[in-house]
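Everything below concerns the one structure shown next.
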Amino acid sequence: MSAVGASQLGDESRARLAALADVLIPGGDGLPSAGDADVAGQWIDRALGANPDLVDTVVHVLTIAGAPEDVIADLRLHHRDVFDRFAFAVGGAYFMNTPVRRALGYPGTAPRRLPAAEGEAEYYLEDDILSPVISRGPVYRHVPA
Amino acid sequence: MGGGTSGGVAARHLAEAGFKVVCLEQGTWVDPGDLPGNKPEYELLGSKNWHPSPNLRGRREDYPVDTTEADLPVWMYNGVGGSSVLYGAIWARALPSDFRVRTLDGVADDWPLTYDELLPYYQAVEREMAVSGVAGNPAYPPGYEPPLPAAPIHRTGRRMAEGMNRLGWHWWPGTNAIPTVNRGHEGKCVRYGICRMGCPEGAKSSTDVTHWRDAVALGAEVITRARVARVTLDERGRANGAVYLRDGVEHFQAASVVLMAAGGIGTPRLLLMSASDRFPDGLANSSGQVGKRLMLHPYGASVGVYDDDLENWLGPAGEHIGSMQFYETDTARGFVRGAKWSLLPIAGPLEAVEKWTDKGSMRGEDFWGEGSAARMKSFVRMLQWHVVPEDLPEETNFVSLHPSLTDSDGLPAAKVHYRVSDNTRKIVDFNLERSLEAHAAAGAGDTWIAGRNFMTGHNTGTARMGDDPATSVVDRFGRTHDVPNLYVIDASVFTTSTGVNPTATICALAKRTASHIASNAREQEISS
Ligand SMILES: Cc1cc2nc3c(=O)[nH]c(=O)nc-3n(C[C@H](O)[C@H](O)[C@H](O)COP(=O)(O)OP(=O)(O)OC[C@H]3O[C@@H](n4cnc5c(N)ncnc54)[C@H](O)[C@@H]3O)c2cc1C
């Protein structure tokens with residue numbers, strides 16, 4: 001399935017994905033579950049668009065029948081590579097959700113320009129924090145000529 | 001041959017000196033607007049089209065590297081700027097002892113040159129590569145003054161520095177090839193923290209930005225999408241050019257002097273592909289050393305989780321601080337040589353997850369499922385040390401031509417045979433244990449070893465430099481012993497790997513060879 005195909009996941013597939021993703025990311029501590037963070041909506045489309053190699057794994061996992069907890073537990077135990085790739089796709093989708101990113105302490109929707117302020121480099125070296133290192137003297141090995 | 005890191009340094013120098021330079025590069029120019037670092041999908045794009053593994057990227061220009069018989073993956077970038085496009089820009093000169101490991105420690109070989117001989121070239125390329133840092137690092141001989149002021153060590157570096165001071169261990173603010181002031185083609189660092197995916201701001205010194213544009217302005221020609229198939233010889237055994245493939249069509253580029261700059265995997269591959277009646281085992285390979293003694297720096301990583309938000313995603317990445325406390329040999333530790341440490345940002349949540357999920361992680365708990373929210377909440381409170389071990393050369397670690405796998409032009413892929421040696425493993429184990437102590441001293445509640453053998457783009461040693469033509473491929477100026485107008489200027493020439501990130505030494509050596517060629521042009525034998 002191509003990335004374009006991934007964005008055409010039907011409603012049923014998306015509901016199934018949300019249920020499976022909730023097992024991996026149940027939320028709590030102020031974080032939404034994967035389903036509540038719309039992982040199975042726009043974010044999975046963007047994740048698979050960015051890394052089309054993950055499409056086959058996601059589509060494959062969606063075809064596995066069984067209760068979501070059992071499917072994930074079986075993958076974790078017996079098909080670790082598939083589990084890891086599926087979790088990577090779901091996690092990648094989840095972490096793109098801006099409120100999730102913000103709740104985790106990351107800036108904005110993506111890394112953003114934060115150039116150093118005047119004097120910032122010096123500020124972090126205040127209180128002579130380098131002095132003990134300098135006063136201990138050279139730590140390199142002398143090499144005979 | 002190759003428009004990467006070393007190629008850029010040499011091309012600009014030779015173009016400035018008035019030489020006609022033609023570069024054959026299999027990849028293309030990078031458009032900074034394509035780079036993922038400031039896009040919401042950055043980590044997913046970095047896991048595919050901008051991954052440092054050529055096998056995962058799988059672009060037309062990425063020749064496959066078979067690592068089924070290697071303990072770790074092999075990383076590189078194939079395009080103008082080469083691996084410097086994706087490197088972390090941690091800038092570390094080798095130390096005087098690195099050039100004398102046989103004399104000092106009775107292992108491997110001494111280099112045919114010394115730290116002092118390379119020093120003026122380090123200084124020259126540090127200006128060209130806009131290196132920033134604090135002068136006076138006591139891990140180096142006096143006089144090490146990075147040309148640009150240092151970036152802030154940030155909360156991350158400060159927190160760890162306090163721990164290192166408690167232990168009485170060496171640390172120093174990061175030295176990086178990342179400008180802290182605007183200059184030339186480069187903007188100053190805006191601290192996206194995603195240096196290892198390429199800098200969308202053009203504020204990291206990759207040679208496409210620092211060297212190739214100037215070289216082209218000075219008249220050098222870069223032929224992109226040109227995959228070199230073999231270097232050719234005239235009837236006297238002088239290199240006289242190269243055959244390359246572009247869109248499946250074969251071309252010939254004539255040359256009076258040929259410089260190999262295809263990287264630590266690409267150069268031995270190309271020399272082996274250039275076998276001829278005169279050199280049946282590969283060009284310039286009368287010693288049998290082409291491709292041998294591959295050294296890879298199998299990294300280790302450790303993390304600690306702290307109480308407060310350390311904004312560990314802020315750049316440069318690049319190192320915030322480094323340590324050489326355990327760099328030099330102390331035989332009481334049960335091994336020779338040592339490691340450099342770098343305290344690095346964690347670019348985003350997916351990279352943080354790897355601290356649990358990496359195959360080398362000793363965390364011992366699954367990341368996903370019940371409790372994952374609390375684990376996610378610790379992401380920005382983590383600090384990570386990367387440990388770079390010196391990797392000594394072994395005849396059994398080598399690059400060869402793949403018997404069946406080919407690149408998109410039908411040329412043989414590279415096969416890497418590499419096992420982590422006992423000495424290297426001991427260096428990593430010892431240093432990772434010490435790094436956990438450093439985390440604890442800095443106040444981390446939870447600490448663990450987060451990875452081993454997970455990263456290297458430090459591909460060195462496969463066309464080693466030495467005085468003896470029987471045991472080395474190039475002489476002290478990078479000229480092959482077998483072909484007087486064929487030079488190797490990339491990471492292949494390293495006699496030993498050193499225990500530091502290699503680019504400072506790669507660039508200094510390329511500068512030195514280019515200067516030597518320019519200064520001795522009259523005596524240079526050339527093809528007929
Ligand atoms: C992710 C990553 C992080 C790193 N971080 C650091 C760091 O922080 N500090 C540090 O010091 N080092 C770092 N390194 C290592 C550093 O980037 C490399 O060691 C260095 O750039 C290698 O330079 P080079 O000239 O040997 O080869 P390269 O720069 O790789 O250049 C080789 C060029 O040759 C071209 N080529 C190869 N074969 C052919 C062919 N047949 N025909 C035409 N063209 C060909 C390639 O496309 C490429 O452009 C890192 C590397 C990676 C991958």
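FYI, nothing fancy with the structure tokens labels: chains A, B, ... in order, residues from 1 per chain, ligands from 1 as they appear.
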
Interface, chain A side, toward chain B (8 Å; only C-alpha atoms) as a VMD selection string: chain A and resid 23 to 29 31 46 to 47 50 to 51 53 87 to 88 91 to 92 95 to 96 104 to 106 109 to 116 120 to 122 124 to 125 129 to 130 132 to 134 137 to 143

Mind checking which residues fall within 10 Å of Gly219 in chain B, counting only C-alpha atoms, ignoring those fewer than 5 positions away in the same chain, and posting them as a short mmCIF file (atom, residue, chain, number, x, y, z; two decimals) with N, CA and C atoms, in the first residue's frame?
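Once everything was written out, this is around-v9.cif:
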```
data_model
loop_
_atom_site.label_atom_id
_atom_site.label_comp_id
_atom_site.auth_asym_id
_atom_site.auth_seq_id
_atom_site.Cartn_x
_atom_site.Cartn_y
_atom_site.Cartn_z
N ARG B 12 38.34 23.27 -2.53
CA ARG B 12 38.41 24.72 -2.35
C ARG B 12 39.86 25.19 -2.30
N ALA B 15 41.29 24.97 -5.85
CA ALA B 15 40.69 25.99 -6.72
C ALA B 15 41.28 27.36 -6.38
N GLU B 16 41.44 27.63 -5.09
CA GLU B 16 42.05 28.91 -4.67
C GLU B 16 43.48 29.03 -5.18
N GLY B 18 44.52 27.97 -7.91
CA GLY B 18 44.53 28.13 -9.35
C GLY B 18 44.46 26.85 -10.15
N PHE B 19 44.20 25.72 -9.49
CA PHE B 19 44.11 24.46 -10.22
C PHE B 19 42.72 24.31 -10.84
N LYS B 20 42.66 23.55 -11.92
CA LYS B 20 41.36 23.20 -12.50
C LYS B 20 40.87 21.96 -11.77
N VAL B 21 39.74 22.09 -11.11
CA VAL B 21 39.21 20.99 -10.29
C VAL B 21 37.90 20.51 -10.88
N VAL B 22 37.80 19.20 -11.07
CA VAL B 22 36.52 18.59 -11.46
C VAL B 22 36.20 17.53 -10.43
N ASP B 214 32.02 27.92 -2.46
CA ASP B 214 33.17 28.77 -2.77
C ASP B 214 34.02 28.14 -3.87
#
```

Contacts to ligand 1 at 6 Å cut-off (only C-alpha atoms and all ligand atoms) as an MDAnalysis selection string: chainID B and resid 1:7 24:27 52 75:84 86:91 196 226:229 261:264 266 270 457:458 490:491 501:504

Shell around Ala67 in chain A at 10 Å using only C-alpha atoms, local window under 6 positions removed, as a ChimeraX atom specification: /A:19-20,73

Can you list, as a compact mmCIF listing (two decimals) with N, CA, C and O atoms, in the first residue's frame, every residue of chain A that DSSP puts in helix (DSSP H, G or I)?
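Saved as out_24.txt:
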```
# COMPACT_ATOMS: atom_id res chain seq x y z
N ALA A 3 1.75 5.46 0.39
CA ALA A 3 1.39 6.46 1.40
C ALA A 3 0.04 7.09 1.08
O ALA A 3 -0.75 7.40 1.96
N VAL A 4 -0.21 7.26 -0.21
CA VAL A 4 -1.51 7.80 -0.62
C VAL A 4 -2.60 6.84 -0.14
O VAL A 4 -3.60 7.22 0.44
N GLY A 5 -2.32 5.53 -0.34
CA GLY A 5 -3.26 4.52 0.12
C GLY A 5 -3.50 4.63 1.61
O GLY A 5 -4.63 4.48 2.07
N ALA A 6 -2.43 4.90 2.37
CA ALA A 6 -2.58 4.98 3.82
C ALA A 6 -3.57 6.06 4.21
O ALA A 6 -4.36 5.89 5.13
N ASP A 11 -13.04 4.07 7.57
CA ASP A 11 -13.45 4.35 8.95
C ASP A 11 -13.21 3.16 9.86
O ASP A 11 -12.79 3.30 11.00
N GLU A 12 -13.51 1.97 9.32
CA GLU A 12 -13.34 0.77 10.14
C GLU A 12 -11.88 0.56 10.53
O GLU A 12 -11.56 0.26 11.68
N SER A 13 -11.01 0.71 9.54
CA SER A 13 -9.57 0.54 9.80
C SER A 13 -9.10 1.57 10.82
O SER A 13 -8.30 1.27 11.71
N ARG A 14 -9.61 2.76 10.69
CA ARG A 14 -9.17 3.82 11.62
C ARG A 14 -9.66 3.52 13.04
O ARG A 14 -8.95 3.74 14.02
N ALA A 15 -10.87 3.00 13.16
CA ALA A 15 -11.39 2.67 14.48
C ALA A 15 -10.55 1.54 15.09
O ALA A 15 -10.21 1.56 16.29
N ARG A 16 -10.20 0.60 14.24
CA ARG A 16 -9.36 -0.52 14.72
C ARG A 16 -7.98 0.00 15.14
O ARG A 16 -7.44 -0.37 16.18
N LEU A 17 -7.43 0.88 14.33
CA LEU A 17 -6.12 1.45 14.66
C LEU A 17 -6.18 2.20 16.00
O LEU A 17 -5.29 2.07 16.84
N ALA A 18 -7.23 2.95 16.19
CA ALA A 18 -7.36 3.71 17.45
C ALA A 18 -7.38 2.75 18.65
O ALA A 18 -6.74 2.99 19.67
N ALA A 19 -8.12 1.65 18.49
CA ALA A 19 -8.22 0.69 19.60
C ALA A 19 -6.87 0.04 19.89
O ALA A 19 -6.46 -0.10 21.05
N LEU A 20 -6.14 -0.35 18.84
CA LEU A 20 -4.81 -0.95 19.03
C LEU A 20 -3.84 0.08 19.61
O LEU A 20 -3.05 -0.23 20.51
N ALA A 21 -3.90 1.28 19.08
CA ALA A 21 -2.98 2.33 19.54
C ALA A 21 -3.23 2.69 21.01
O ALA A 21 -2.29 3.00 21.75
N ASP A 22 -4.49 2.59 21.44
CA ASP A 22 -4.80 2.87 22.85
C ASP A 22 -4.13 1.87 23.79
O ASP A 22 -3.84 2.20 24.95
N VAL A 23 -3.89 0.68 23.31
CA VAL A 23 -3.19 -0.30 24.16
C VAL A 23 -1.73 0.14 24.36
O VAL A 23 -1.18 0.03 25.45
N LEU A 24 -1.17 0.66 23.31
CA LEU A 24 0.23 1.13 23.40
C LEU A 24 0.31 2.43 24.20
O LEU A 24 1.25 2.66 24.96
N VAL A 39 -4.62 9.93 16.75
CA VAL A 39 -3.55 9.20 16.06
C VAL A 39 -4.07 8.52 14.81
O VAL A 39 -3.40 8.49 13.77
N ALA A 40 -5.29 7.97 14.89
CA ALA A 40 -5.82 7.21 13.75
C ALA A 40 -6.40 8.12 12.66
O ALA A 40 -6.85 7.63 11.63
N GLY A 41 -6.37 9.41 12.89
CA GLY A 41 -6.87 10.36 11.90
C GLY A 41 -5.72 10.97 11.13
O GLY A 41 -4.89 10.28 10.54
N GLN A 42 -5.63 12.31 11.20
CA GLN A 42 -4.62 13.01 10.37
C GLN A 42 -3.18 12.60 10.71
O GLN A 42 -2.32 12.58 9.84
N TRP A 43 -2.92 12.23 11.99
CA TRP A 43 -1.50 12.05 12.35
C TRP A 43 -0.90 10.78 11.76
O TRP A 43 0.25 10.77 11.36
N ILE A 44 -1.69 9.72 11.69
CA ILE A 44 -1.12 8.50 11.09
C ILE A 44 -0.87 8.75 9.60
O ILE A 44 0.11 8.27 9.03
N ASP A 45 -1.73 9.52 8.97
CA ASP A 45 -1.51 9.81 7.55
C ASP A 45 -0.19 10.55 7.36
O ASP A 45 0.59 10.26 6.45
N ARG A 46 0.04 11.51 8.24
CA ARG A 46 1.30 12.28 8.10
C ARG A 46 2.51 11.43 8.44
O ARG A 46 3.56 11.54 7.81
N ALA A 47 2.34 10.58 9.46
CA ALA A 47 3.48 9.72 9.84
C ALA A 47 3.84 8.78 8.69
O ALA A 47 5.02 8.64 8.33
N LEU A 48 2.84 8.17 8.09
CA LEU A 48 3.12 7.21 7.02
C LEU A 48 3.56 7.92 5.74
O LEU A 48 4.34 7.38 4.96
N GLY A 49 3.09 9.14 5.57
CA GLY A 49 3.57 9.93 4.43
C GLY A 49 5.05 10.24 4.57
O GLY A 49 5.81 10.24 3.60
N ALA A 50 5.49 10.47 5.81
CA ALA A 50 6.90 10.82 6.05
C ALA A 50 7.79 9.59 5.99
O ALA A 50 8.96 9.67 5.60
N PRO A 52 7.12 6.04 4.37
CA PRO A 52 6.26 5.05 3.71
C PRO A 52 6.66 3.61 3.99
O PRO A 52 5.86 2.70 3.80
N ASP A 53 7.90 3.40 4.47
CA ASP A 53 8.32 2.02 4.79
C ASP A 53 7.46 1.42 5.90
O ASP A 53 7.46 0.21 6.09
N LEU A 54 6.75 2.28 6.66
CA LEU A 54 5.96 1.77 7.79
C LEU A 54 4.56 1.34 7.38
O LEU A 54 3.84 0.70 8.15
N VAL A 55 4.18 1.69 6.15
CA VAL A 55 2.78 1.46 5.74
C VAL A 55 2.42 -0.01 5.81
O VAL A 55 1.40 -0.40 6.40
N ASP A 56 3.27 -0.86 5.25
CA ASP A 56 2.94 -2.29 5.19
C ASP A 56 2.74 -2.86 6.58
O ASP A 56 1.83 -3.67 6.80
N THR A 57 3.58 -2.46 7.52
CA THR A 57 3.46 -2.98 8.88
C THR A 57 2.13 -2.57 9.50
O THR A 57 1.41 -3.39 10.08
N VAL A 58 1.78 -1.29 9.37
CA VAL A 58 0.54 -0.80 9.96
C VAL A 58 -0.65 -1.53 9.34
O VAL A 58 -1.54 -2.04 10.05
N VAL A 59 -0.66 -1.62 8.03
CA VAL A 59 -1.78 -2.27 7.34
C VAL A 59 -1.86 -3.74 7.77
O VAL A 59 -2.95 -4.27 8.04
N HIS A 60 -0.72 -4.38 7.87
CA HIS A 60 -0.69 -5.79 8.29
C HIS A 60 -1.28 -5.95 9.69
O HIS A 60 -2.13 -6.82 9.93
N VAL A 61 -0.87 -5.11 10.62
CA VAL A 61 -1.35 -5.24 12.00
C VAL A 61 -2.87 -5.02 12.06
O VAL A 61 -3.58 -5.69 12.82
N LEU A 62 -3.36 -4.14 11.22
CA LEU A 62 -4.80 -3.87 11.22
C LEU A 62 -5.62 -5.09 10.77
O LEU A 62 -6.80 -5.22 11.09
N PRO A 68 -7.86 -6.19 20.99
CA PRO A 68 -6.66 -5.35 20.82
C PRO A 68 -5.54 -5.71 21.82
O PRO A 68 -4.38 -5.80 21.43
N GLU A 69 -5.88 -5.94 23.08
CA GLU A 69 -4.85 -6.27 24.08
C GLU A 69 -4.12 -7.56 23.69
O GLU A 69 -2.90 -7.65 23.84
N ASP A 70 -4.89 -8.53 23.21
CA ASP A 70 -4.28 -9.82 22.85
C ASP A 70 -3.38 -9.68 21.62
O ASP A 70 -2.30 -10.27 21.56
N VAL A 71 -3.86 -8.91 20.66
CA VAL A 71 -3.06 -8.73 19.43
C VAL A 71 -1.72 -8.08 19.78
O VAL A 71 -0.65 -8.54 19.37
N ILE A 72 -1.79 -7.02 20.57
CA ILE A 72 -0.54 -6.31 20.93
C ILE A 72 0.37 -7.21 21.77
O ILE A 72 1.58 -7.28 21.55
N ALA A 73 -0.23 -7.94 22.71
CA ALA A 73 0.58 -8.82 23.56
C ALA A 73 1.26 -9.89 22.72
O ALA A 73 2.45 -10.21 22.93
N ASP A 74 0.54 -10.43 21.76
CA ASP A 74 1.13 -11.48 20.91
C ASP A 74 2.26 -10.92 20.05
O ASP A 74 3.32 -11.55 19.91
N LEU A 75 2.04 -9.74 19.50
CA LEU A 75 3.11 -9.13 18.69
C LEU A 75 4.34 -8.87 19.55
O LEU A 75 5.47 -9.16 19.15
N ARG A 76 4.10 -8.38 20.75
CA ARG A 76 5.21 -8.04 21.64
C ARG A 76 6.03 -9.29 21.97
O ARG A 76 7.26 -9.26 21.98
N LEU A 77 5.35 -10.38 22.17
CA LEU A 77 6.04 -11.61 22.57
C LEU A 77 6.65 -12.37 21.40
O LEU A 77 7.76 -12.87 21.49
N HIS A 78 5.91 -12.44 20.30
CA HIS A 78 6.31 -13.37 19.23
C HIS A 78 6.78 -12.71 17.94
O HIS A 78 7.38 -13.38 17.10
N ARG A 80 8.52 -9.41 17.53
CA ARG A 80 9.05 -8.18 18.11
C ARG A 80 9.34 -7.11 17.05
O ARG A 80 9.12 -5.91 17.28
N ASP A 81 9.84 -7.53 15.90
CA ASP A 81 10.14 -6.54 14.85
C ASP A 81 8.88 -5.81 14.41
O ASP A 81 8.88 -4.59 14.22
N VAL A 82 7.80 -6.60 14.23
CA VAL A 82 6.53 -6.00 13.79
C VAL A 82 6.03 -5.07 14.90
O VAL A 82 5.59 -3.93 14.64
N PHE A 83 6.10 -5.55 16.14
CA PHE A 83 5.67 -4.72 17.27
C PHE A 83 6.43 -3.39 17.28
O PHE A 83 5.83 -2.31 17.40
N ASP A 84 7.74 -3.48 17.16
CA ASP A 84 8.57 -2.26 17.25
C ASP A 84 8.20 -1.27 16.14
O ASP A 84 8.11 -0.06 16.38
N ARG A 85 8.01 -1.78 14.95
CA ARG A 85 7.71 -0.87 13.82
C ARG A 85 6.30 -0.27 13.97
O ARG A 85 6.11 0.92 13.70
N PHE A 86 5.38 -1.09 14.42
CA PHE A 86 4.01 -0.58 14.62
C PHE A 86 4.01 0.50 15.71
O PHE A 86 3.44 1.58 15.55
N ALA A 87 4.70 0.21 16.82
CA ALA A 87 4.76 1.17 17.92
C ALA A 87 5.46 2.45 17.47
O ALA A 87 5.07 3.56 17.86
N PHE A 88 6.48 2.31 16.63
CA PHE A 88 7.19 3.49 16.12
C PHE A 88 6.25 4.37 15.29
O PHE A 88 6.22 5.60 15.45
N ALA A 89 5.45 3.73 14.45
CA ALA A 89 4.51 4.49 13.61
C ALA A 89 3.46 5.19 14.48
O ALA A 89 3.17 6.38 14.30
N VAL A 90 2.92 4.45 15.43
CA VAL A 90 1.87 5.00 16.30
C VAL A 90 2.47 6.12 17.17
O VAL A 90 1.89 7.21 17.31
N GLY A 91 3.64 5.86 17.74
CA GLY A 91 4.30 6.88 18.57
C GLY A 91 4.62 8.11 17.75
O GLY A 91 4.40 9.25 18.19
N GLY A 92 5.15 7.89 16.55
CA GLY A 92 5.48 9.03 15.69
C GLY A 92 4.27 9.89 15.40
O GLY A 92 4.34 11.13 15.40
N ALA A 93 3.14 9.23 15.16
CA ALA A 93 1.89 9.96 14.91
C ALA A 93 1.47 10.73 16.17
O ALA A 93 1.11 11.91 16.11
N TYR A 94 1.52 10.06 17.30
CA TYR A 94 1.07 10.66 18.58
C TYR A 94 1.91 11.90 18.93
O TYR A 94 1.37 12.94 19.30
N PHE A 95 3.21 11.79 18.77
CA PHE A 95 4.09 12.89 19.19
C PHE A 95 4.00 14.10 18.26
O PHE A 95 4.54 15.16 18.57
N MET A 96 3.33 13.94 17.11
CA MET A 96 3.14 15.10 16.24
C MET A 96 1.97 15.96 16.69
O MET A 96 1.85 17.11 16.29
N THR A 98 0.07 18.50 18.48
CA THR A 98 0.67 19.67 19.14
C THR A 98 0.39 19.73 20.64
O THR A 98 1.33 19.98 21.42
N PRO A 99 -0.85 19.53 21.11
CA PRO A 99 -1.06 19.55 22.56
C PRO A 99 -0.23 18.47 23.28
O PRO A 99 0.26 18.70 24.39
N VAL A 100 -0.04 17.31 22.65
CA VAL A 100 0.81 16.27 23.27
C VAL A 100 2.23 16.80 23.38
O VAL A 100 2.87 16.72 24.44
N ARG A 101 2.72 17.33 22.28
CA ARG A 101 4.09 17.87 22.26
C ARG A 101 4.26 18.91 23.36
O ARG A 101 5.25 18.91 24.11
N ARG A 102 3.26 19.78 23.47
CA ARG A 102 3.35 20.84 24.48
C ARG A 102 3.32 20.24 25.89
O ARG A 102 4.11 20.63 26.75
N ALA A 103 2.44 19.28 26.09
CA ALA A 103 2.33 18.66 27.42
C ALA A 103 3.62 17.96 27.82
O ALA A 103 3.94 17.83 29.00
N LEU A 104 4.39 17.50 26.82
CA LEU A 104 5.66 16.84 27.12
C LEU A 104 6.79 17.83 27.35
O LEU A 104 7.88 17.45 27.79
N GLU A 120 24.32 34.68 27.16
CA GLU A 120 23.79 33.39 27.65
C GLU A 120 24.91 32.37 27.87
O GLU A 120 24.88 31.61 28.85
N ALA A 121 25.89 32.35 26.96
CA ALA A 121 26.99 31.38 27.11
C ALA A 121 27.74 31.64 28.42
O ALA A 121 28.07 30.70 29.16
N GLU A 122 27.99 32.92 28.70
CA GLU A 122 28.73 33.27 29.92
C GLU A 122 27.91 32.93 31.16
O GLU A 122 28.44 32.47 32.17
N TYR A 123 26.59 33.15 31.07
CA TYR A 123 25.71 32.92 32.22
C TYR A 123 25.86 31.49 32.74
O TYR A 123 25.96 31.25 33.95
N SER A 131 36.69 26.61 36.95
CA SER A 131 37.95 26.76 37.70
C SER A 131 38.54 25.44 38.18
O SER A 131 39.75 25.21 38.03
N PRO A 132 37.74 24.54 38.76
CA PRO A 132 38.36 23.29 39.23
C PRO A 132 39.00 22.51 38.09
O PRO A 132 40.05 21.88 38.28
N VAL A 133 38.41 22.55 36.91
CA VAL A 133 38.95 21.81 35.77
C VAL A 133 40.29 22.43 35.37
O VAL A 133 41.29 21.72 35.14
N ILE A 134 40.31 23.75 35.32
CA ILE A 134 41.54 24.44 34.90
C ILE A 134 42.63 24.25 35.95
O ILE A 134 43.78 23.97 35.63
N SER A 135 42.25 24.34 37.23
CA SER A 135 43.30 24.28 38.26
C SER A 135 43.89 22.88 38.40
O SER A 135 45.01 22.74 38.87
N ARG A 136 43.18 21.87 37.97
CA ARG A 136 43.80 20.53 38.00
C ARG A 136 44.89 20.38 36.95
O ARG A 136 45.71 19.47 37.03
```

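Taking CA of Arg425 in chain B and CA of Gly466 in chain B as endpoints, the distance between them is 26.5 Å.
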
Picked from range 299-376 of chain B by DSSP as strand (DSSP E), as a PyMOL selection string: chain B and resi 300-305+321-323+339-344

I need the chosen residues saved as a short mmCIF file (atom, residue, chain, number, x, y, z; two decimals), in the first residue's frame, with N, CA and C atoms.
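Result file is again.cif:
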```
data_model
loop_
_atom_site.label_atom_id
_atom_site.label_comp_id
_atom_site.auth_asym_id
_atom_site.auth_seq_id
_atom_site.Cartn_x
_atom_site.Cartn_y
_atom_site.Cartn_z
N GLY B 300 28.67 3.88 22.71
CA GLY B 300 27.79 3.49 23.81
C GLY B 300 27.06 4.74 24.28
N ALA B 301 25.91 4.55 24.91
CA ALA B 301 25.16 5.70 25.43
C ALA B 301 24.58 5.36 26.80
N SER B 302 24.53 6.37 27.65
CA SER B 302 23.86 6.19 28.94
C SER B 302 22.96 7.39 29.17
N VAL B 303 21.91 7.17 29.96
CA VAL B 303 21.02 8.29 30.30
C VAL B 303 20.77 8.34 31.80
N GLY B 304 20.39 9.52 32.24
CA GLY B 304 19.93 9.71 33.60
C GLY B 304 18.65 10.53 33.53
N VAL B 305 17.74 10.28 34.46
CA VAL B 305 16.51 11.08 34.54
C VAL B 305 16.60 11.95 35.78
N ILE B 321 28.57 19.69 26.49
CA ILE B 321 29.91 19.61 27.09
C ILE B 321 30.53 18.28 26.66
N GLY B 322 31.84 18.18 26.81
CA GLY B 322 32.54 16.93 26.52
C GLY B 322 33.45 16.59 27.69
N SER B 323 33.92 15.36 27.72
CA SER B 323 34.88 14.97 28.76
C SER B 323 35.96 14.06 28.18
N ALA B 339 38.31 6.67 25.81
CA ALA B 339 37.13 7.18 25.10
C ALA B 339 36.92 8.65 25.41
N LYS B 340 36.27 9.31 24.47
CA LYS B 340 35.79 10.68 24.68
C LYS B 340 34.30 10.59 24.97
N TRP B 341 33.81 11.49 25.81
CA TRP B 341 32.37 11.53 26.09
C TRP B 341 31.80 12.84 25.55
N SER B 342 30.56 12.76 25.07
CA SER B 342 29.84 13.97 24.65
C SER B 342 28.46 13.98 25.28
N LEU B 343 28.11 15.09 25.88
CA LEU B 343 26.75 15.27 26.41
C LEU B 343 25.93 15.93 25.31
N LEU B 344 24.93 15.20 24.81
CA LEU B 344 24.20 15.63 23.61
C LEU B 344 22.73 15.84 23.90
#
```

Separation of CA of Tyr487 in chain B from CA of Ile265 in chain B, in Å and rounded to one decimal: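 Rounded to one decimal, the two atoms are 15.8 Å apart.
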
Residue with smallest distance to Asn459 in chain B - pool B:Thr496, B:Thr480, B:Ser132, B:Ser256, counting only C-alpha atoms: B:Thr496

For CA of Arg278 in chain B and CA of Leu245 in chain B, the interatomic separation in Å (one decimal):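 Between these atoms lies a distance of 23.3 Å.
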